[in-house]
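Heads up: the structure comes next, in structure tokens.
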Amino acid sequence: MLPAAFTTRASLATVLPSSLAALSGETNDLGLPRMEHVVVIVVDGLGAAALRARAGHARTLAPLLGKTTTIDAGFPTTTAAALATLTTGTTPGEHGLVGYRVRDGAGRLTNQLTGWDERMDPQTWQRSRTVFEQAAERGVTPRAIALPKFAGTGFTAAVLRGAEFVGVQSMADRFAAAADVLATAGPGLTYLYVAELDQLAHARGWESSEWTAALETLDALVADFARRLGPGRGALLTADHGAVDVPESGHILYDTAPELLQDVADIAGEPRLLHLYVEDGASPVAVAERWRDAEGDRSWVATRAEAVDAGWFGERVDPEVVPRIGDVLVAARKRIAYYDGRDPQRTGRNMVGQHGSLTPEETRVPLLRFGAAG
């Protein structure tokens with residue numbers, strides 16, 4: 001039986017819409033009270049399971065983490081899809097970012113973070129209006145504080161459009177910039193992005209001492225920031241996904257099993273979530289069965305139709321989005337990752353912390369409240 005995605009009302013898709021509603025005192029899915037300014041702190045890669053496991057190193061964050069303070073990041077648990085879900089309040093089946101690397105309208109396998117060009121226009125490929133665009137129409141000042149290198153990128157245009165972009169290099173300086181923004185008058189909605197934990201998870205693993213040190217830094221910065229929240233100012237802390245550390249012994253080289261490549265034209269996605277695009281005229285059901293026979297004990301295998309019916313991409317998948325999804329999806333449920341052993345560059349095989357699939361370690365993320373949001 002396939003697991004379902006987006007199974008809870010409180011999901012990543014509710015965070016920014018609820019925050020915007022709270023600025024005018026409207027009822028919202030998260031039950032937030034009326035506020036004048038909301039800062040949404042997005043910690044890339046901070047899964048609820050990892051935070052619990054390192055509770056002793058997060059004395060501000062971990063005590064707030066209970067059964068009612070985790071939410072569903074949705075699927076796929078990859079930054080491109082999850083941040084689009086967060087900033088639009090819609091699911092991948094609607095906004096259209098259905099994976100890390102997918103087949104675009106020109107038939108190319110395109111990276112959804114870095115592959116933007118005139119044939120994959122961020123203004124139209126990401127199909128939903130952002131909450132920032134809606135905020136500006138309602139007289140709320142929307143801002144996005146993130147690393148300077150993201151200024152002017154296609155992905156920023158896709159998911160942060162409508163927000164004033166503020167590029168700040170260090171984690172501490174980003175929190176300082178958010179504190180300065182809080183001092184301005186008028187209603188505001190601010191997105192504060194923390195990239196460092198995800199970067200360290202990929203390089204060293206979330207179980208590493210380096211990742212733990214970054215968590216301690218984050219925890220101290222949040223504690224100081226929370227103390228500086230004045231009346232009517234609130235903050236929410238969440239994440240786009242969690243992570244699973246995958247040892248090299250968990251690398252599955254699918255090219256060593258020729259039957260798995262039969263009738264497969266292209267393989268996209270990422271190591272913990274493969275999108276298989278079949279040859280013209282080939283049967284996705286037959287391809288799925290071959291993968292299920294070989295990998296069904298350690299991965300969920302679904303045809304596109306089965307995944308859509310299971311709600312993996314949300315309750316609705318718009319017709320324009322359907323072809324972007326692989327004909328067959330292979331989602332890891334063990335501590336494994338799939339690679340092509342024929343790749344001379346060994347692309348991605350130095351990554352330790354990984355994500356993309358449907359395990360609780362990847363899908364459950366914190367939603368912690370501070371100041372007036374609490």
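Residues in the structure tokens are named by chain (A, B, ... in the order shown) and by number from 1 within that chain; ligands are numbered from 1 in the order shown.
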Dump as CSV the rows for residues of segment 115-199 of chain A within 12 Å of segment 236-245 of chain A: closest atom pair and distance in Å with one decimal, only C-alpha atoms counted, ordered by chain and rising residue number.
residue,atom,partner,partner_atom,distance
A:Leu189,CA,A:Leu236,CA,11.2
A:Thr190,CA,A:Leu236,CA,10.4
A:Tyr191,CA,A:Leu236,CA,9.8
A:Leu192,CA,A:Leu237,CA,9.3
A:Tyr193,CA,A:Ala239,CA,9.4
A:Val194,CA,A:Ala239,CA,9.2
A:Ala195,CA,A:Ala239,CA,10.3
A:Leu197,CA,A:Gly242,CA,10.3
A:Asp198,CA,A:Ala243,CA,8.3
A:Gln199,CA,A:Ala243,CA,11.2
Selection near segment 47-64 of chain A, 8 Å with only C-alpha atoms, sequence-local residues under 5 positions removed, as a ChimeraX atom specification: /A:69-70,206,212,215-216,219-220,222-223,239,241-243,360-366,368
Contact residues around Gln123 of chain A with only C-alpha atoms at 10 Å, ignoring same-chain residues under 4 positions, as a list in words: Arg127, Ser128, Arg129, Gly154, Phe155, Ala157, Ala158, Val159 and Arg161 of chain A
8 Å contact set for Ala22 of chain A, only C-alpha atoms, chain neighbours under 5 positions out, as a ChimeraX atom specification: /A:27-28,32-35
Mind writing the picked residues with all heavy atoms as an mmCIF file, in the first residue's frame?
data_model
loop_
_atom_site.group_PDB
_atom_site.id
_atom_site.type_symbol
_atom_site.label_atom_id
_atom_site.label_comp_id
_atom_site.auth_asym_id
_atom_site.auth_seq_id
_atom_site.Cartn_x
_atom_site.Cartn_y
_atom_site.Cartn_z
ATOM 1 N N THR A 27 -9.467 34.669 10.554
ATOM 2 C CA THR A 27 -9.335 33.274 10.952
ATOM 3 C C THR A 27 -8.390 32.566 9.993
ATOM 4 O O THR A 27 -8.415 32.808 8.781
ATOM 5 C CB THR A 27 -10.711 32.583 10.924
ATOM 6 O OG1 THR A 27 -11.589 33.269 11.822
ATOM 7 C CG2 THR A 27 -10.593 31.124 11.341
ATOM 8 N N ASN A 28 -7.536 31.696 10.531
ATOM 9 C CA ASN A 28 -6.569 31.012 9.673
ATOM 10 C C ASN A 28 -6.346 29.592 10.163
ATOM 11 O O ASN A 28 -6.671 29.249 11.300
ATOM 12 C CB ASN A 28 -5.250 31.793 9.636
ATOM 13 C CG ASN A 28 -4.673 32.046 11.020
ATOM 14 O OD1 ASN A 28 -3.993 31.192 11.577
ATOM 15 N ND2 ASN A 28 -4.958 33.220 11.605
ATOM 16 N N LEU A 32 -3.455 31.485 14.293
ATOM 17 C CA LEU A 32 -2.594 32.585 14.723
ATOM 18 C C LEU A 32 -3.425 33.793 15.119
ATOM 19 O O LEU A 32 -4.417 34.116 14.453
ATOM 20 C CB LEU A 32 -1.637 32.981 13.589
ATOM 21 C CG LEU A 32 -0.643 31.919 13.117
ATOM 22 C CD1 LEU A 32 0.119 32.414 11.898
ATOM 23 C CD2 LEU A 32 0.313 31.544 14.237
ATOM 24 N N PRO A 33 -3.020 34.490 16.173
ATOM 25 C CA PRO A 33 -3.737 35.706 16.569
ATOM 26 C C PRO A 33 -3.370 36.876 15.655
ATOM 27 O O PRO A 33 -2.440 36.780 14.845
ATOM 28 C CB PRO A 33 -3.226 35.950 17.993
ATOM 29 C CG PRO A 33 -1.834 35.407 17.965
ATOM 30 C CD PRO A 33 -1.887 34.208 17.064
ATOM 31 N N ARG A 34 -4.090 37.962 15.816
ATOM 32 C CA ARG A 34 -3.781 39.152 15.024
ATOM 33 C C ARG A 34 -2.379 39.657 15.381
ATOM 34 O O ARG A 34 -2.018 39.740 16.550
ATOM 35 C CB ARG A 34 -4.811 40.241 15.268
ATOM 36 C CG ARG A 34 -4.575 41.460 14.380
ATOM 37 C CD ARG A 34 -5.669 42.488 14.499
ATOM 38 N NE ARG A 34 -5.483 43.500 13.464
ATOM 39 C CZ ARG A 34 -6.417 43.928 12.650
ATOM 40 N NH1 ARG A 34 -7.634 43.418 12.734
ATOM 41 N NH2 ARG A 34 -6.165 44.852 11.756
ATOM 42 N N MET A 35 -1.604 40.012 14.363
ATOM 43 C CA MET A 35 -0.270 40.562 14.557
ATOM 44 C C MET A 35 -0.034 41.689 13.566
ATOM 45 O O MET A 35 -0.745 41.811 12.563
ATOM 46 C CB MET A 35 0.790 39.464 14.360
ATOM 47 C CG MET A 35 0.823 38.422 15.468
ATOM 48 S SD MET A 35 2.048 37.105 15.174
ATOM 49 C CE MET A 35 1.113 36.033 14.070
#
Nearest candidate to Asn111 of chain A (options A:Thr90, A:Thr78, A:Thr85, A:Gln262; using only C-alpha atoms): A:Thr78
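Between atom CA of Leu276 of chain A and atom CA of Arg304 of chain A lies a distance of 9.5 Å.
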Separation of atom CA of Ser11 of chain A from atom CA of Gly105 of chain A in Å: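 Atom-to-atom, atom CA of Gly105 of chain A to atom CA of Ser11 of chain A, that is 29.1 Å.
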Long-range neighbours of Val317 of chain A as a PyMOL selection string, 10 Å cut-off, only C-alpha atoms, 4 positions minimum in chain: chain A and resi 91-96+308-309+311-313+321-322
